[in-house]
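Next comes protein.cif, a file with mmCIF, C-alpha atoms.
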```cif
data_work
loop_
_atom_site.group_PDB
_atom_site.id
_atom_site.type_symbol
_atom_site.label_atom_id
_atom_site.label_comp_id
_atom_site.auth_asym_id
_atom_site.auth_seq_id
_atom_site.Cartn_x
_atom_site.Cartn_y
_atom_site.Cartn_z
ATOM 1 C CA MET M 91 31.184 -15.730 -19.624
ATOM 2 C CA SER M 92 34.711 -15.721 -20.980
ATOM 3 C CA GLU M 93 37.881 -15.660 -18.951
ATOM 4 C CA ARG M 94 38.566 -12.091 -20.088
ATOM 5 C CA SER M 95 35.215 -10.749 -18.864
ATOM 6 C CA GLY M 96 35.685 -12.565 -15.526
ATOM 7 C CA LYS M 97 39.039 -10.857 -15.045
ATOM 8 C CA PHE M 98 37.502 -7.513 -16.001
ATOM 9 C CA LEU M 99 34.689 -7.926 -13.441
ATOM 10 C CA LEU M 100 37.128 -8.988 -10.699
ATOM 11 C CA GLY M 101 39.376 -6.019 -11.518
ATOM 12 C CA LEU M 102 36.426 -3.633 -11.381
ATOM 13 C CA VAL M 103 35.315 -4.993 -7.991
ATOM 14 C CA LEU M 104 38.855 -4.733 -6.597
ATOM 15 C CA LEU M 105 39.162 -1.130 -7.840
ATOM 16 C CA LEU M 106 35.848 -0.227 -6.234
ATOM 17 C CA ILE M 107 36.731 -1.830 -2.895
ATOM 18 C CA GLY M 108 40.181 -0.236 -2.909
ATOM 19 C CA GLY M 109 38.686 3.172 -3.673
ATOM 20 C CA LEU M 110 36.158 2.847 -0.854
ATOM 21 C CA VAL M 111 38.854 1.791 1.616
ATOM 22 C CA LEU M 112 41.021 4.756 0.544
ATOM 23 C CA LEU M 113 38.095 7.195 0.915
ATOM 24 C CA ASP M 114 37.366 5.759 4.360
ATOM 25 C CA GLN M 115 41.014 6.212 5.397
ATOM 26 C CA ILE M 116 40.989 9.905 4.515
ATOM 27 C CA GLY M 117 37.720 10.435 6.400
ATOM 28 C CA ILE M 118 35.146 10.368 3.628
ATOM 29 C CA ASP M 119 32.472 7.866 4.461
ATOM 30 C CA PHE M 120 30.931 6.540 1.254
ATOM 31 C CA GLY M 121 27.538 6.275 2.981
ATOM 32 C CA ASP M 122 27.586 10.041 3.508
ATOM 33 C CA VAL M 123 28.420 10.615 -0.143
ATOM 34 C CA LEU M 124 25.531 8.402 -1.253
ATOM 35 C CA GLY M 125 23.307 10.240 1.219
ATOM 36 C CA TRP M 126 23.904 13.407 -0.806
ATOM 37 C CA VAL M 127 24.275 12.033 -4.328
ATOM 38 C CA ILE M 128 21.149 9.868 -4.560
ATOM 39 C CA PRO M 129 18.701 12.542 -3.293
ATOM 40 C CA GLY M 130 20.452 15.081 -5.506
ATOM 41 C CA LEU M 131 19.991 12.908 -8.591
ATOM 42 C CA ILE M 132 16.333 12.336 -7.693
ATOM 43 C CA MET M 133 15.829 16.092 -7.312
ATOM 44 C CA VAL M 134 17.506 16.765 -10.670
ATOM 45 C CA TYR M 135 15.263 14.185 -12.328
ATOM 46 C CA GLY M 136 12.171 15.781 -10.757
ATOM 47 C CA ALA M 137 13.303 19.267 -11.790
ATOM 48 C CA ARG M 138 13.764 18.088 -15.386
ATOM 49 C CA LYS M 139 10.197 16.793 -15.394
ATOM 50 C CA VAL M 140 8.903 20.102 -13.994
ATOM 51 C CA LEU M 141 10.769 22.098 -16.617
ATOM 52 C CA GLY M 142 9.096 20.044 -19.332
ATOM 53 C CA HIS M 143 11.831 17.692 -20.451
ATOM 54 C CA GLY M 144 9.757 14.545 -20.755
ATOM 55 C CA GLY M 145 6.939 14.104 -18.308
ATOM 56 C CA SER M 146 4.153 15.428 -16.219
ATOM 57 C CA ARG M 147 4.778 18.422 -13.990
ATOM 58 C CA PHE M 148 2.764 16.899 -11.126
ATOM 59 C CA TRP M 149 5.020 13.843 -11.030
ATOM 60 C CA GLY M 150 8.053 16.090 -11.343
ATOM 61 C CA VAL M 151 7.043 18.093 -8.281
ATOM 62 C CA LEU M 152 6.293 14.883 -6.390
ATOM 63 C CA ILE M 153 9.670 13.351 -7.316
ATOM 64 C CA PHE M 154 11.524 16.574 -6.486
ATOM 65 C CA THR M 155 9.766 16.762 -3.095
ATOM 66 C CA PHE M 156 10.646 13.121 -2.453
ATOM 67 C CA GLY M 157 14.324 13.840 -3.145
ATOM 68 C CA LEU M 158 14.314 17.013 -1.040
ATOM 69 C CA LEU M 159 12.732 15.273 1.947
ATOM 70 C CA MET M 160 15.211 12.435 1.528
ATOM 71 C CA LEU M 161 18.096 14.925 1.468
ATOM 72 C CA ILE M 162 17.058 16.715 4.666
ATOM 73 C CA GLY M 163 16.191 13.464 6.445
ATOM 74 C CA LYS M 164 12.459 14.096 6.693
ATOM 75 C CA LEU M 165 11.187 11.471 4.249
ATOM 76 C CA HIS M 166 8.959 10.037 6.966
ATOM 77 C CA LEU M 167 6.860 13.222 6.779
ATOM 78 C CA LEU M 168 5.751 12.306 3.255
ATOM 79 C CA PHE M 169 4.693 8.813 4.229
ATOM 80 C CA HIS M 170 3.006 9.923 7.455
ATOM 81 C CA GLY M 171 1.170 12.651 5.557
ATOM 82 C CA LEU M 172 -0.052 10.201 2.915
ATOM 83 C CA LEU M 173 -1.146 7.784 5.638
ATOM 84 C CA ALA M 174 -3.037 10.539 7.468
ATOM 85 C CA ILE M 175 -4.775 11.692 4.287
ATOM 86 C CA GLY M 176 -5.753 8.097 3.485
ATOM 87 C CA LEU M 177 -7.180 7.536 6.968
ATOM 88 C CA ILE M 178 -9.125 10.793 6.858
ATOM 89 C CA TYR M 179 -10.595 9.856 3.475
ATOM 90 C CA LEU M 180 -11.524 6.371 4.694
ATOM 91 C CA GLY M 181 -13.231 7.747 7.816
ATOM 92 C CA TYR M 182 -15.099 10.360 5.816
ATOM 93 C CA SER M 183 -16.298 7.812 3.271
ATOM 94 C CA LEU M 184 -17.508 5.498 6.047
ATOM 95 C CA LEU M 185 -19.440 8.314 7.719
ATOM 96 C CA ARG M 186 -20.901 9.545 4.458
ATOM 97 C CA HIS M 187 -21.919 6.124 3.176
ATOM 98 C CA LYS M 188 -25.635 5.487 3.626
ATOM 99 C CA ASP M 189 -27.079 1.997 3.533
ATOM 100 C CA PRO M 190 -29.731 1.532 0.876
ATOM 101 C CA PRO M 191 -33.260 1.025 2.213
ATOM 102 C CA LYS M 192 -33.965 -2.613 2.928
ATOM 103 C CA GLU M 193 -36.524 -4.217 0.676
ATOM 104 C CA ALA M 194 -39.186 -6.598 1.928
ATOM 105 C CA PRO M 195 -38.541 -10.222 1.006
ATOM 106 C CA ALA M 196 -40.278 -11.554 -2.036
ATOM 107 C CA GLU M 197 -43.518 -13.535 -1.689
ATOM 108 C CA TRP M 198 -41.853 -16.839 -2.574
ATOM 109 C CA GLU M 199 -39.234 -16.265 0.161
ATOM 110 C CA ARG M 200 -41.944 -15.677 2.770
ATOM 111 C CA GLN M 201 -43.811 -18.820 1.716
ATOM 112 C CA TRP M 202 -40.619 -20.887 1.806
ATOM 113 C CA ALA M 203 -39.769 -19.581 5.295
ATOM 114 C CA GLN M 204 -43.273 -20.447 6.561
ATOM 115 C CA ARG M 205 -42.960 -24.004 5.193
ATOM 116 C CA VAL M 206 -39.538 -24.463 6.769
ATOM 117 C CA LEU M 207 -40.611 -23.117 10.141
ATOM 118 C CA LYS M 208 -43.907 -25.059 10.209
ATOM 119 C CA GLU M 209 -44.112 -27.579 13.062
ATOM 120 C CA ASP M 210 -44.449 -31.247 12.209
ATOM 121 C CA ALA M 211 -45.286 -34.410 14.141
ATOM 122 C CA LEU M 212 -41.709 -34.829 15.392
ATOM 123 C CA ASP M 213 -41.781 -31.322 16.903
ATOM 124 C CA HIS M 214 -45.016 -32.167 18.763
ATOM 125 C CA TRP M 215 -43.476 -35.418 20.049
ATOM 126 C CA GLU M 216 -40.330 -33.576 21.291
ATOM 127 C CA LYS M 217 -42.439 -30.979 23.118
ATOM 128 C CA GLY M 218 -44.462 -33.791 24.737
ATOM 129 C CA MET M 219 -41.285 -35.545 25.890
ATOM 130 C CA THR M 220 -39.781 -32.401 27.420
ATOM 131 C CA LYS M 221 -42.965 -31.709 29.418
ATOM 132 C CA LYS M 222 -42.989 -35.215 31.007
#
```
Can I see the file as structure tokens?
Amino acid sequence: MSERSGKFLLGLVLLLIGGLVLLDQIGIDFGDVLGWVIPGLIMVYGARKVLGHGGSRFWGVLIFTFGLLMLIGKLHLLFHGLLAIGLIYLGYSLLRHKDPPKEAPAEWERQWAQRVLKEDALDHWEKGMTKK
């Protein structure tokens, strides 16, 4: 970065800070301005998509609604609504889901289980010791 571009960046930052301080002194809070400008730009972008200037209308309506809810301070309604719809879908899918019928184990599994569970001489000895 050259010395000239460093001076330019510092000058730009100083202009921005000075402008914000001046706006604050005359009673215009920059946070309030951003609270109107950003949702407005989002709504304009969504409206352009709805009107067919590069994009899907569904996404345009969704983006416009997002900006509108942001503008009126009700953005939480969108997220709560999506959460509620997701929970309803999850509950419905759990209730609707049926377990497949259980199959009987294969013959080789039954034979293996019988061999494993078969008592041996050590088992007989342990039973004899616990009785005494």
Would you write out, as a Markdown table, a table of all residues in segment 147-199 of chain M that have an atom no more than 9 Å from an atom of segment 116-135 of chain M, listing for each the closest atom pair and the distance in Å to one decimal, considering all atoms listed in the file and ordering rows by chain and rising residue number?
```
| residue | atom | partner | partner_atom | distance |
| --- | --- | --- | --- | --- |
| M:Gly150 | CA | M:Tyr135 | CA | 7.5 |
| M:Ile153 | CA | M:Met133 | CA | 6.7 |
| M:Phe154 | CA | M:Met133 | CA | 4.4 |
| M:Thr155 | CA | M:Met133 | CA | 7.4 |
| M:Phe156 | CA | M:Met133 | CA | 7.7 |
| M:Gly157 | CA | M:Pro129 | CA | 4.6 |
| M:Leu158 | CA | M:Met133 | CA | 6.5 |
| M:Leu159 | CA | M:Pro129 | CA | 8.4 |
| M:Met160 | CA | M:Pro129 | CA | 6.0 |
| M:Leu161 | CA | M:Pro129 | CA | 5.4 |
```
Discussion item. Please compute the atom CA of Arg147 of chain M-atom CA of Leu168 of chain M distance, one decimal, in Å.
Written reply: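 Between atom CA of Arg147 of chain M and atom CA of Leu168 of chain M the gap is 18.3 Å.
One distance worth recording is that between atom CA of Arg186 of chain M and atom CA of Gly171 of chain M, which is 22.3 Å.
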Worksheet item: How many Å separate atom CA of Leu167 of chain M from atom CA of Phe148 of chain M?
Response: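 Atom CA of Leu167 of chain M sits 18.7 Å away from atom CA of Phe148 of chain M.
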